[in-house]
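The data block below is target-v7.cif; it holds mmCIF, N, CA and C atoms.
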```
data_entry
loop_
_atom_site.label_atom_id
_atom_site.label_comp_id
_atom_site.auth_asym_id
_atom_site.auth_seq_id
_atom_site.Cartn_x
_atom_site.Cartn_y
_atom_site.Cartn_z
N MET Y 3 -33.04 -6.95 -15.87
CA MET Y 3 -31.96 -7.57 -15.12
C MET Y 3 -30.67 -6.79 -15.40
N SER Y 4 -30.00 -6.30 -14.36
CA SER Y 4 -28.79 -5.53 -14.57
C SER Y 4 -27.59 -6.45 -14.75
N LYS Y 5 -26.69 -6.01 -15.59
CA LYS Y 5 -25.48 -6.78 -15.87
C LYS Y 5 -24.47 -6.52 -14.76
N LYS Y 6 -23.87 -7.57 -14.24
CA LYS Y 6 -22.90 -7.45 -13.15
C LYS Y 6 -21.61 -6.81 -13.69
N ARG Y 7 -21.14 -5.81 -12.98
CA ARG Y 7 -19.92 -5.11 -13.38
C ARG Y 7 -18.70 -6.00 -13.07
N ILE Y 8 -17.89 -6.29 -14.10
CA ILE Y 8 -16.69 -7.09 -13.86
C ILE Y 8 -15.40 -6.30 -14.11
N HIS Y 9 -15.50 -5.18 -14.81
CA HIS Y 9 -14.31 -4.37 -15.11
C HIS Y 9 -14.18 -3.20 -14.15
N THR Y 10 -12.95 -2.86 -13.84
CA THR Y 10 -12.58 -1.70 -13.02
C THR Y 10 -13.52 -1.46 -11.83
N LYS Y 11 -13.61 -2.46 -11.00
CA LYS Y 11 -14.42 -2.32 -9.79
C LYS Y 11 -13.86 -1.20 -8.92
N LYS Y 12 -14.75 -0.41 -8.39
CA LYS Y 12 -14.35 0.75 -7.58
C LYS Y 12 -13.50 0.37 -6.37
N GLY Y 13 -13.80 -0.75 -5.76
CA GLY Y 13 -13.06 -1.18 -4.59
C GLY Y 13 -11.59 -1.47 -4.83
N LEU Y 14 -11.21 -1.68 -6.09
CA LEU Y 14 -9.82 -1.98 -6.42
C LEU Y 14 -9.08 -0.77 -6.99
N LYS Y 15 -9.75 0.37 -7.06
CA LYS Y 15 -9.18 1.56 -7.71
C LYS Y 15 -7.83 1.97 -7.12
N GLU Y 16 -7.76 2.09 -5.80
CA GLU Y 16 -6.52 2.55 -5.17
C GLU Y 16 -5.40 1.54 -5.36
N TYR Y 17 -5.72 0.26 -5.27
CA TYR Y 17 -4.70 -0.77 -5.45
C TYR Y 17 -4.18 -0.77 -6.89
N ARG Y 18 -5.09 -0.60 -7.86
CA ARG Y 18 -4.67 -0.51 -9.26
C ARG Y 18 -3.74 0.67 -9.46
N ARG Y 19 -4.09 1.81 -8.85
CA ARG Y 19 -3.26 3.01 -8.98
C ARG Y 19 -1.87 2.76 -8.40
N GLU Y 20 -1.84 2.12 -7.23
CA GLU Y 20 -0.56 1.81 -6.59
C GLU Y 20 0.30 0.91 -7.49
N LEU Y 21 -0.32 -0.10 -8.08
CA LEU Y 21 0.42 -1.00 -8.97
C LEU Y 21 0.91 -0.26 -10.22
N ARG Y 22 0.08 0.62 -10.78
CA ARG Y 22 0.49 1.39 -11.97
C ARG Y 22 1.68 2.29 -11.65
N ASN Y 23 1.69 2.84 -10.44
CA ASN Y 23 2.78 3.74 -10.04
C ASN Y 23 4.04 3.00 -9.63
N ASN Y 24 3.94 1.69 -9.50
CA ASN Y 24 5.08 0.87 -9.08
C ASN Y 24 5.26 -0.35 -9.98
N LEU Y 25 5.30 -0.12 -11.28
CA LEU Y 25 5.47 -1.23 -12.22
C LEU Y 25 6.81 -1.92 -11.99
N THR Y 26 6.84 -3.22 -12.26
CA THR Y 26 8.11 -3.93 -12.22
C THR Y 26 8.94 -3.43 -13.40
N PRO Y 27 10.25 -3.63 -13.38
CA PRO Y 27 11.07 -3.21 -14.53
C PRO Y 27 10.58 -3.82 -15.85
N ALA Y 28 10.19 -5.08 -15.83
CA ALA Y 28 9.72 -5.73 -17.06
C ALA Y 28 8.40 -5.10 -17.54
N GLU Y 29 7.49 -4.82 -16.60
CA GLU Y 29 6.22 -4.17 -16.97
C GLU Y 29 6.47 -2.79 -17.55
N ALA Y 30 7.36 -2.02 -16.93
CA ALA Y 30 7.67 -0.67 -17.42
C ALA Y 30 8.28 -0.73 -18.81
N PHE Y 31 9.16 -1.69 -19.04
CA PHE Y 31 9.81 -1.84 -20.35
C PHE Y 31 8.78 -2.20 -21.43
N LEU Y 32 7.93 -3.18 -21.15
CA LEU Y 32 6.91 -3.57 -22.13
C LEU Y 32 5.91 -2.44 -22.35
N TRP Y 33 5.54 -1.72 -21.28
CA TRP Y 33 4.58 -0.64 -21.38
C TRP Y 33 5.04 0.43 -22.37
N LYS Y 34 6.33 0.67 -22.44
CA LYS Y 34 6.87 1.65 -23.40
C LYS Y 34 6.50 1.27 -24.83
N HIS Y 35 6.32 -0.02 -25.08
CA HIS Y 35 6.00 -0.51 -26.42
C HIS Y 35 4.50 -0.66 -26.67
N LEU Y 36 3.71 -0.69 -25.59
CA LEU Y 36 2.26 -0.90 -25.72
C LEU Y 36 1.45 0.37 -25.53
N SER Y 37 1.99 1.35 -24.80
CA SER Y 37 1.22 2.55 -24.45
C SER Y 37 0.93 3.41 -25.67
N SER Y 38 -0.07 4.24 -25.54
CA SER Y 38 -0.44 5.24 -26.57
C SER Y 38 -0.65 4.64 -27.95
N ARG Y 39 -1.21 3.45 -27.98
CA ARG Y 39 -1.52 2.76 -29.24
C ARG Y 39 -0.28 2.56 -30.14
N LYS Y 40 0.89 2.45 -29.52
CA LYS Y 40 2.14 2.28 -30.28
C LYS Y 40 2.23 0.92 -30.95
N PHE Y 41 1.60 -0.08 -30.36
CA PHE Y 41 1.71 -1.43 -30.91
C PHE Y 41 0.48 -1.79 -31.73
N GLU Y 42 0.67 -1.84 -33.03
CA GLU Y 42 -0.39 -2.25 -33.96
C GLU Y 42 -1.66 -1.43 -33.81
N GLY Y 43 -1.55 -0.22 -33.29
CA GLY Y 43 -2.71 0.67 -33.15
C GLY Y 43 -3.71 0.23 -32.09
N ARG Y 44 -3.35 -0.77 -31.30
CA ARG Y 44 -4.26 -1.29 -30.27
C ARG Y 44 -4.12 -0.50 -28.98
N LYS Y 45 -5.22 -0.30 -28.29
CA LYS Y 45 -5.20 0.38 -26.99
C LYS Y 45 -5.04 -0.66 -25.89
N PHE Y 46 -3.99 -0.50 -25.11
CA PHE Y 46 -3.75 -1.36 -23.96
C PHE Y 46 -3.90 -0.55 -22.69
N GLN Y 47 -4.34 -1.22 -21.64
CA GLN Y 47 -4.40 -0.63 -20.31
C GLN Y 47 -3.47 -1.44 -19.43
N ARG Y 48 -2.89 -0.79 -18.44
CA ARG Y 48 -2.04 -1.52 -17.50
C ARG Y 48 -2.74 -1.58 -16.15
N GLN Y 49 -2.52 -2.68 -15.47
CA GLN Y 49 -3.11 -2.90 -14.14
C GLN Y 49 -4.63 -2.68 -14.17
N HIS Y 50 -5.27 -3.40 -15.05
CA HIS Y 50 -6.73 -3.33 -15.25
C HIS Y 50 -7.38 -4.44 -14.43
N SER Y 51 -8.52 -4.14 -13.81
CA SER Y 51 -9.17 -5.19 -13.02
C SER Y 51 -10.35 -5.81 -13.77
N ILE Y 52 -10.43 -7.11 -13.62
CA ILE Y 52 -11.53 -7.91 -14.15
C ILE Y 52 -11.96 -8.81 -12.99
N GLU Y 53 -13.22 -8.70 -12.60
CA GLU Y 53 -13.70 -9.30 -11.36
C GLU Y 53 -12.75 -8.83 -10.26
N ASN Y 54 -12.22 -9.75 -9.45
CA ASN Y 54 -11.31 -9.33 -8.39
C ASN Y 54 -9.84 -9.52 -8.75
N TYR Y 55 -9.58 -9.76 -10.03
CA TYR Y 55 -8.22 -9.94 -10.52
C TYR Y 55 -7.71 -8.63 -11.11
N ILE Y 56 -6.44 -8.34 -10.88
CA ILE Y 56 -5.81 -7.20 -11.54
C ILE Y 56 -4.78 -7.78 -12.50
N VAL Y 57 -5.00 -7.54 -13.78
CA VAL Y 57 -4.13 -8.09 -14.81
C VAL Y 57 -3.07 -7.05 -15.19
N ASP Y 58 -1.92 -7.53 -15.63
CA ASP Y 58 -0.82 -6.62 -15.95
C ASP Y 58 -1.19 -5.70 -17.12
N PHE Y 59 -1.64 -6.28 -18.23
CA PHE Y 59 -2.01 -5.50 -19.41
C PHE Y 59 -3.29 -6.09 -20.01
N TYR Y 60 -4.13 -5.20 -20.54
CA TYR Y 60 -5.41 -5.63 -21.11
C TYR Y 60 -5.70 -4.83 -22.37
N CYS Y 61 -6.10 -5.55 -23.41
CA CYS Y 61 -6.53 -4.92 -24.67
C CYS Y 61 -7.98 -5.33 -24.89
N ALA Y 62 -8.89 -4.38 -24.69
CA ALA Y 62 -10.33 -4.67 -24.77
C ALA Y 62 -10.76 -5.12 -26.16
N SER Y 63 -10.25 -4.46 -27.21
CA SER Y 63 -10.68 -4.80 -28.57
C SER Y 63 -10.32 -6.23 -28.95
N GLU Y 64 -9.29 -6.77 -28.31
CA GLU Y 64 -8.83 -8.14 -28.60
C GLU Y 64 -9.23 -9.13 -27.52
N LYS Y 65 -9.84 -8.62 -26.41
CA LYS Y 65 -10.16 -9.47 -25.25
C LYS Y 65 -8.92 -10.25 -24.82
N LEU Y 66 -7.78 -9.52 -24.82
CA LEU Y 66 -6.48 -10.13 -24.57
C LEU Y 66 -5.86 -9.61 -23.28
N ILE Y 67 -5.39 -10.53 -22.47
CA ILE Y 67 -4.71 -10.22 -21.21
C ILE Y 67 -3.28 -10.70 -21.32
N ILE Y 68 -2.35 -9.82 -20.93
CA ILE Y 68 -0.93 -10.18 -20.93
C ILE Y 68 -0.45 -10.14 -19.49
N GLU Y 69 0.13 -11.24 -19.06
CA GLU Y 69 0.69 -11.34 -17.72
C GLU Y 69 2.19 -11.54 -17.83
N LEU Y 70 2.94 -10.80 -17.01
CA LEU Y 70 4.39 -10.98 -16.93
C LEU Y 70 4.71 -11.64 -15.59
N ASP Y 71 5.49 -12.70 -15.66
CA ASP Y 71 5.77 -13.50 -14.48
C ASP Y 71 7.23 -13.42 -14.07
N GLY Y 72 7.44 -13.13 -12.79
CA GLY Y 72 8.78 -13.15 -12.22
C GLY Y 72 9.03 -14.49 -11.55
N GLU Y 73 10.14 -14.56 -10.82
CA GLU Y 73 10.55 -15.79 -10.15
C GLU Y 73 9.49 -16.37 -9.23
N MET Y 74 8.73 -15.51 -8.55
CA MET Y 74 7.75 -16.01 -7.58
C MET Y 74 6.69 -16.90 -8.23
N HIS Y 75 6.50 -16.77 -9.53
CA HIS Y 75 5.49 -17.58 -10.22
C HIS Y 75 5.95 -19.02 -10.42
N ASN Y 76 7.22 -19.32 -10.09
CA ASN Y 76 7.71 -20.69 -10.14
C ASN Y 76 7.32 -21.47 -8.89
N ASN Y 77 6.84 -20.78 -7.87
CA ASN Y 77 6.38 -21.40 -6.63
C ASN Y 77 5.12 -22.20 -6.94
N PRO Y 78 5.05 -23.47 -6.53
CA PRO Y 78 3.87 -24.31 -6.86
C PRO Y 78 2.54 -23.71 -6.41
N ILE Y 79 2.50 -23.06 -5.26
CA ILE Y 79 1.25 -22.47 -4.76
C ILE Y 79 0.83 -21.30 -5.65
N VAL Y 80 1.78 -20.45 -5.99
CA VAL Y 80 1.50 -19.30 -6.86
C VAL Y 80 1.11 -19.81 -8.25
N HIS Y 81 1.81 -20.84 -8.73
CA HIS Y 81 1.50 -21.41 -10.05
C HIS Y 81 0.07 -21.93 -10.10
N GLU Y 82 -0.36 -22.58 -9.03
CA GLU Y 82 -1.74 -23.10 -8.97
C GLU Y 82 -2.75 -21.95 -8.99
N LYS Y 83 -2.47 -20.88 -8.23
CA LYS Y 83 -3.35 -19.70 -8.24
C LYS Y 83 -3.41 -19.09 -9.63
N ASP Y 84 -2.25 -19.01 -10.31
CA ASP Y 84 -2.21 -18.49 -11.68
C ASP Y 84 -3.07 -19.33 -12.62
N THR Y 85 -3.00 -20.64 -12.44
CA THR Y 85 -3.78 -21.56 -13.28
C THR Y 85 -5.28 -21.34 -13.07
N LEU Y 86 -5.70 -21.23 -11.82
CA LEU Y 86 -7.12 -21.00 -11.52
C LEU Y 86 -7.58 -19.65 -12.06
N ARG Y 87 -6.74 -18.65 -11.90
CA ARG Y 87 -7.04 -17.30 -12.39
C ARG Y 87 -7.21 -17.31 -13.91
N THR Y 88 -6.27 -17.95 -14.60
CA THR Y 88 -6.34 -18.03 -16.06
C THR Y 88 -7.61 -18.77 -16.50
N LYS Y 89 -7.92 -19.86 -15.81
CA LYS Y 89 -9.13 -20.63 -16.15
C LYS Y 89 -10.38 -19.75 -16.02
N ARG Y 90 -10.47 -18.99 -14.93
CA ARG Y 90 -11.64 -18.12 -14.73
C ARG Y 90 -11.70 -17.03 -15.80
N LEU Y 91 -10.58 -16.41 -16.10
CA LEU Y 91 -10.57 -15.36 -17.12
C LEU Y 91 -10.91 -15.93 -18.49
N ASN Y 92 -10.47 -17.15 -18.78
CA ASN Y 92 -10.85 -17.82 -20.03
C ASN Y 92 -12.36 -18.06 -20.08
N GLN Y 93 -12.95 -18.48 -18.93
CA GLN Y 93 -14.39 -18.70 -18.87
C GLN Y 93 -15.17 -17.43 -19.17
N LEU Y 94 -14.58 -16.28 -18.82
CA LEU Y 94 -15.23 -14.99 -19.09
C LEU Y 94 -15.03 -14.54 -20.53
N GLY Y 95 -14.28 -15.31 -21.31
CA GLY Y 95 -14.10 -15.00 -22.73
C GLY Y 95 -12.81 -14.29 -23.08
N PHE Y 96 -11.87 -14.24 -22.15
CA PHE Y 96 -10.60 -13.57 -22.40
C PHE Y 96 -9.52 -14.58 -22.74
N THR Y 97 -8.58 -14.15 -23.55
CA THR Y 97 -7.37 -14.93 -23.82
C THR Y 97 -6.29 -14.40 -22.91
N VAL Y 98 -5.61 -15.29 -22.21
CA VAL Y 98 -4.53 -14.90 -21.30
C VAL Y 98 -3.23 -15.47 -21.84
N ILE Y 99 -2.24 -14.59 -22.03
CA ILE Y 99 -0.92 -15.07 -22.43
C ILE Y 99 0.08 -14.61 -21.38
N ARG Y 100 1.09 -15.44 -21.15
CA ARG Y 100 2.07 -15.17 -20.11
C ARG Y 100 3.48 -15.19 -20.69
N PHE Y 101 4.29 -14.29 -20.17
CA PHE Y 101 5.70 -14.24 -20.53
C PHE Y 101 6.51 -14.08 -19.26
N GLU Y 102 7.67 -14.70 -19.21
CA GLU Y 102 8.57 -14.48 -18.09
C GLU Y 102 9.21 -13.11 -18.27
N ASN Y 103 9.46 -12.44 -17.16
CA ASN Y 103 10.07 -11.11 -17.21
C ASN Y 103 11.34 -11.11 -18.07
N LYS Y 104 12.15 -12.13 -17.90
CA LYS Y 104 13.41 -12.23 -18.64
C LYS Y 104 13.18 -12.21 -20.16
N MET Y 105 12.10 -12.84 -20.60
CA MET Y 105 11.77 -12.86 -22.04
C MET Y 105 11.55 -11.44 -22.58
N VAL Y 106 10.91 -10.60 -21.79
CA VAL Y 106 10.62 -9.23 -22.22
C VAL Y 106 11.92 -8.49 -22.53
N PHE Y 107 12.92 -8.69 -21.69
CA PHE Y 107 14.20 -8.00 -21.89
C PHE Y 107 15.06 -8.67 -22.96
N ASP Y 108 15.10 -10.00 -22.96
CA ASP Y 108 16.02 -10.72 -23.83
C ASP Y 108 15.47 -11.03 -25.22
N HIS Y 109 14.14 -11.10 -25.34
CA HIS Y 109 13.53 -11.49 -26.61
C HIS Y 109 12.27 -10.68 -26.89
N LEU Y 110 12.38 -9.37 -26.83
CA LEU Y 110 11.22 -8.49 -27.00
C LEU Y 110 10.50 -8.74 -28.31
N THR Y 111 11.24 -8.92 -29.39
CA THR Y 111 10.61 -9.15 -30.70
C THR Y 111 9.70 -10.37 -30.66
N SER Y 112 10.15 -11.44 -30.01
CA SER Y 112 9.33 -12.66 -29.88
C SER Y 112 8.11 -12.41 -29.01
N VAL Y 113 8.28 -11.63 -27.95
CA VAL Y 113 7.15 -11.31 -27.08
C VAL Y 113 6.10 -10.52 -27.86
N LEU Y 114 6.53 -9.51 -28.59
CA LEU Y 114 5.58 -8.71 -29.38
C LEU Y 114 4.90 -9.55 -30.45
N LYS Y 115 5.63 -10.47 -31.07
CA LYS Y 115 5.03 -11.36 -32.05
C LYS Y 115 3.99 -12.26 -31.38
N GLY Y 116 4.32 -12.75 -30.18
CA GLY Y 116 3.39 -13.59 -29.43
C GLY Y 116 2.11 -12.86 -29.09
N ILE Y 117 2.23 -11.58 -28.78
CA ILE Y 117 1.05 -10.76 -28.51
C ILE Y 117 0.22 -10.61 -29.77
N LYS Y 118 0.88 -10.21 -30.86
CA LYS Y 118 0.18 -10.00 -32.14
C LYS Y 118 -0.48 -11.29 -32.63
N ASP Y 119 0.16 -12.43 -32.43
CA ASP Y 119 -0.40 -13.72 -32.86
C ASP Y 119 -1.70 -14.05 -32.14
N ASN Y 120 -1.97 -13.38 -31.02
CA ASN Y 120 -3.21 -13.63 -30.27
C ASN Y 120 -4.29 -12.60 -30.54
N PHE Y 121 -4.07 -11.69 -31.50
CA PHE Y 121 -5.10 -10.74 -31.88
C PHE Y 121 -6.20 -11.47 -32.64
N ILE Y 122 -7.43 -11.10 -32.38
CA ILE Y 122 -8.56 -11.73 -33.09
C ILE Y 122 -9.03 -10.84 -34.25
N ASN Y 123 -8.74 -9.55 -34.19
CA ASN Y 123 -9.17 -8.63 -35.23
C ASN Y 123 -8.06 -8.35 -36.22
#
```

Spit out the file's structure as structure tokens when you get a sec.
Amino acid sequence: MSKKRIHTKKGLKEYRRELRNNLTPAEAFLWKHLSSRKFEGRKFQRQHSIENYIVDFYCASEKLIIELDGEMHNNPIVHEKDTLRTKRLNQLGFTVIRFENKMVFDHLTSVLKGIKDNFIN
């Protein structure tokens, strides 16, 4: 029985590339601190796909997903979609943590601590 591929589906490759090339300011700022194993020696990927979801940041060794939320995530419809997405990713065994974009700029130390507090290793 073959295992169903859930990571980096080929059909999402171009969209992932487009998102990586057009990071939001908050994503670009946080990426400077996560890229090249700069944070706690962990390898993070940006705009990684799991099933049909593209997550902002993913650390495979920790099964950790980091999502950055802008104003649009305050919309009730978007919030409900986020909740369903998080539930599905949790069912697959991933931990999902969310930060508002403003937090990344105004309280980076707290954001990084929040990320580290969710490491399993």

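Distance-wise, atom CA of Phe59 of chain Y and atom CA of Ser37 of chain Y end up 10.0 Å apart.
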
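Straight-line separation from atom N of Phe31 of chain Y to atom C of Asn103 of chain Y: 9.7 Å.
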
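Across Y:Ile8, Y:Leu32, Y:Val106, Y:Leu94, the tightest approach to Asn54 of chain Y is made by Y:Ile8 when counting only C-alpha atoms.
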
*In Å to one decimal, how far is atom CA of Thr10 of chain Y from atom N of Val113 of chain Y?*
27.5 Å

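Nearest to Asn120 of chain Y of all the residues Y:Gln93, Y:Glu64, Y:Glu42, Y:Gln47 is Y:Glu64, based on only N, CA and C atoms.
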
*Could you give me, as a PyMOL selection string, the residues within 6.5 Å of Glu102 of chain Y, counting all atoms listed in the file and dropping anything in the same chain fewer than 5 positions from it?*
chain Y and resi 69-72

*Expanded to explicit residues, what is the PyMOL selection byres ((chain Y and resi 96) around 7) for this file, as a ChimeraX atom specification?*
/Y:64-67,90-95,97-98

_Using DSSP assignments from the backbone, pull out every residue in chain Y that falls under strand (DSSP E or B) and give it to me as a PyMOL selection string._
chain Y and resi 9+47-52+55-61+66-71+97-102
